[in-house]
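Asker: Take a look at this one; I'll ask things after.
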Amino acid sequence: MRTALDALRARPRLAFALLAALLVALPFLVGAGLGNSWVRVLDFVLLYILLALGLNIVVGYAGLLDLGFIAFYAIGAYVYALLASPHFGLHLPFWAILPISMALAGLFGVLLGTPTLRLRGDYLAIVTLGFHEIIRIFLNNLNAPYNLTNGPQGINLIDPITIGGHALSRPLELFGVTVPSTYLYYYVFLAFTLLVMAVAIRLQDSRLGRAWAALREDEVAAAAMGINTRNVKLLAFAMGATFAGLAGGLFASFQGFVSPESFSLWESFLVLCMIVLGGMGHIPGVILGAALLTVIPEALRYLGDLQRATLGHVVLDPADLRMLLFGIALVIMMIYRPAGLIPSRQRKRELTARDGVAEQEQASLYDAKA
Amino acid sequence: MADLLQVQGVTKRFGGLIALEDVSLSVRDGEIYGLIGPNGAGKTTLFNCMTGLYDLTGGEVRLGGVLLNGLKPHRIVEAGFARTFQNIRLFANMTALENVMVGRHVRTRIGLVGAILRTPRARAEEAAIRDRAVALLDHVGLRGKARTLAGHLSYGDQRRLEIARALATEPRLLALDEPVAGMNPTERRQMADLFQRLRADGLTLLLIEHDVKLVMGLCDRVAVLDYGRKIAEGEPARVRADPAVIAAYLGGEAA
């Protein structure tokens with residue numbers, strides 16, 4: 001296995017081709033092996049990767065703890081729902097709506113960022129938590145006096161993404177093969193995920209990415225080195241929210257239905273768990289975290305069936321078990337791999353190094369006094 | 001020579017505590033100016049007031065005639081005023097090179113779109129940032145340490161890296177807060193050489209320092225702060241003989 005990996009590393013083009021082939025074939029493999037319901041899970045894996053990549057910019061790059069991230073996802077989803085459903089009788093095409101979803105979510109990112117500029121750490125987390133609740137409560141109650149969001153009932157019959165005259169909600173006949181709807185969405189989501197990944201990588205490795213890292217490391221020093229901390233922070237909030245807005249739009253078209261229930265606080269925590277588990281600030285880690293935390297709860301459903309088959313009834317509800325396992329997994333992570341499953345070089349040192357500047361600094365001050 | 005930095009009647013109060021009271025001084029273009037005084041005299045507070053980390057209670061600070069009062073820290077850096085910190089504040093989990101590259105932020109301008117699209121201009125600027133950072137590391141004597149994490153550098157090297165990072169902002173005035181604290185005599189001599197080199201490059205240096213020997217040998221003029229007031233200013237030899245200065249350092253009765 002190791003030698004095979006090494007062989008691939010020596011031939012990046014071959015490795016790339018194999019990876020591409022695997023990604024293209026994945027829904028068919030999963031569909032044949034596990035059933036079509038798992039392709040739907042695969043679609044959600046991609047959506048959560050999009051979300052996690054967005055939150056990673058805010059939390060992982062810039063170090064701003066945001067617990068209300070799903071609010072932007074909700075905004076993106078509702079923008080799509082309102083502009084492509086019978087609710088207002090508007091049916092704009094997806095390529096027109098998605099930029100609006102992203103822009104509006106990004107704008108709300110700045111709106112959240114502006115009053116919280118002076119806050120750090122725990123305080124910022126509390127305000128973002130409140131922001132999330134405000135958005136959710138608005139969505140729940142904006143059905144009167146003017147019916148904007150249709151309240152708790154949500155918005156139904158949202159248009160699917162239509163490409164080349166074909167609505168992705170219907171299977172596509174291609175060379176005698178029937179490609180189901182969930183497969184088609186997989187490819188669309190995959191394209192967007194790869195695009196967002198490229199953007200995230202390029203941002204990290206840029207003047208702006210360095211400014212974010214500096215901000216995370218030491219805000220005072222960053223300001224004293226000429227970084228406009230206000231603008232750089234707002235940009236991080238806006239970029240993260242934009243990614244979430246995109247994911248929200250895709251989610252709305254995929255589900256065909258949105259309601260405030262889909263955007264609970266639990267979702268915000270889940271996405272944060274994904275990046276903490278995988279490795280904050282590191283894209284491969286973030287992707288792994290998103291994939292694991294999407295797939296595992298689905299896999300746990302089988303435990304219910306298993307209990308019914310062996311014990312005759314369900315003793316432990318898999319939904320409860322999910323919470324329990326998440327808790328245990330996170331505690332174990334904090335003890336054994338505090339920097340995540342695949343940590344970034346920086347994060348790893350931050351959380352494990354004992355010989356960082358702080359200690360040296362104290363030692364030096366001691367020397368200076370002596 | 002013209003005055004580069006003018007500090008006029010600067011006062012800073014924290015509640016009832018007067019940290020700085022009516023401090024005035026001026027630093028001439030191209031000189032090495034020392035700021036000394038006993039612990040708690042207000043030297044670092046003055047630095048923080050000048051670099052925008054604290055708001056002034058009164059007075060004004062000008063760099064090359066430009067009023068710095070009320071400007072945000074990054075604007076002050078843009079105006080050409082860079083500093084280092086007494087208790088080193090590097091970006092510990094970034095490499096030495098990345099630390100210096102952050103310093104280039106204020107003199108470069110590629111934003112979101114350029115970074116995402118990697119336009120030819122963005123690439124060229126990124127390469128220029130890197131080249132400049134490498135050259136600066138070289139200049140302060142950190143050749144070969146570019147890829148070391150800042151937090152893993154030796155204490156002396158961290159001090160040097162802070163200077164390189166500050167230099168990356170292309171300052172006219174470089175303010176150093178106890179740059180040789182905790183160093184041995186050899187390292188101190190090397191740092192003094194570095195300061196001479198920087199001055200030869202055309203930079204003006206403002207230096208907080210406790211090491212009297214270093215200050216006497218290096219500085220063209222010094223000012224002495226005590227309890228937030230300036231008690232003496234002038235050539236090192238004269239200041240050293242000043243009774244008020246001796247009293248401040250040795251206790252009131254010695255005068």
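Residue names in the structure tokens use chain letters A, B, ... in the order shown, residue numbers from 1 in each chain, and ligand numbers from 1 in the order shown.
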Give me, as a list in words, all polymer residues having an atom no more than 10 Å from Leu149 in chain B, counting only C-alpha atoms and skipping those fewer than 3 positions away in the same chain.

Answerer: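 Once the nearby chain positions are removed, what remains is Gln346, Arg349 and Gly356 of chain A; Phe91, Ala92, Asn93, Met94, Thr95, Ala96, Leu97, Glu98, Asn99, Lys145, Ala146, His152 and Leu153 of chain B.
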
Asker: What residues in range 153-327 of chain A get the DSSP label strand (DSSP E or B)? Please answer as an MDAnalysis selection string.

Answerer: chainID A and resid 155 162:163 166:167 172:174 177:179 258

Asker: Would you save the residues of that selection, restricted to C-alpha atoms, as a CSV table (one decimal), in the first residue's frame?

Answerer:
```
chain,number,residue,atom,x,y,z
A,155,ILE,CA,-41.4,27.6,1.1
A,162,THR,CA,-31.9,23.5,-14.8
A,163,ILE,CA,-29.0,23.1,-17.1
A,166,HIS,CA,-32.9,19.7,-18.3
A,167,ALA,CA,-34.2,20.0,-14.8
A,172,LEU,CA,-31.3,12.0,-17.4
A,173,GLU,CA,-31.1,9.5,-20.2
A,174,LEU,CA,-27.6,9.5,-21.5
A,177,VAL,CA,-28.0,4.9,-19.2
A,178,THR,CA,-30.5,6.5,-16.8
A,179,VAL,CA,-28.7,8.9,-14.4
A,258,VAL,CA,-36.9,25.2,2.9
```

Asker: I need the residue nearest Leu215 in chain A from this list: B:Ala150, B:Leu90, B:Glu170, B:Asn184. Use only C-alpha atoms for the distance.

Answerer: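 Result for the nearest residue to Leu215 in chain A: B:Leu90.
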
Asker: Please identify which residues in range 62-125 of chain B DSSP calls alpha helix (DSSP H) from the backbone, and express them as a list in words.

Answerer: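 Across range 62-125 of chain B, those assigned alpha helix (DSSP H) are Pro73, His74, Arg75, Ile76, Val77, Glu78, Ala96, Leu97, Glu98, Asn99, Val100, Met101, Val102, Gly103, Leu112, Val113, Gly114, Ala115, Ile116, Leu117, Pro120, Arg121, Ala122, Arg123, Ala124 and Glu125 of chain B.
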
Asker: For a test of reading the model, state the distance in Å between CA of Met274 in chain A and CA of Ser181 in chain A, rounded to one decimal.

Answerer: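 Separating CA of Met274 in chain A from CA of Ser181 in chain A is a distance of 26.9 Å.
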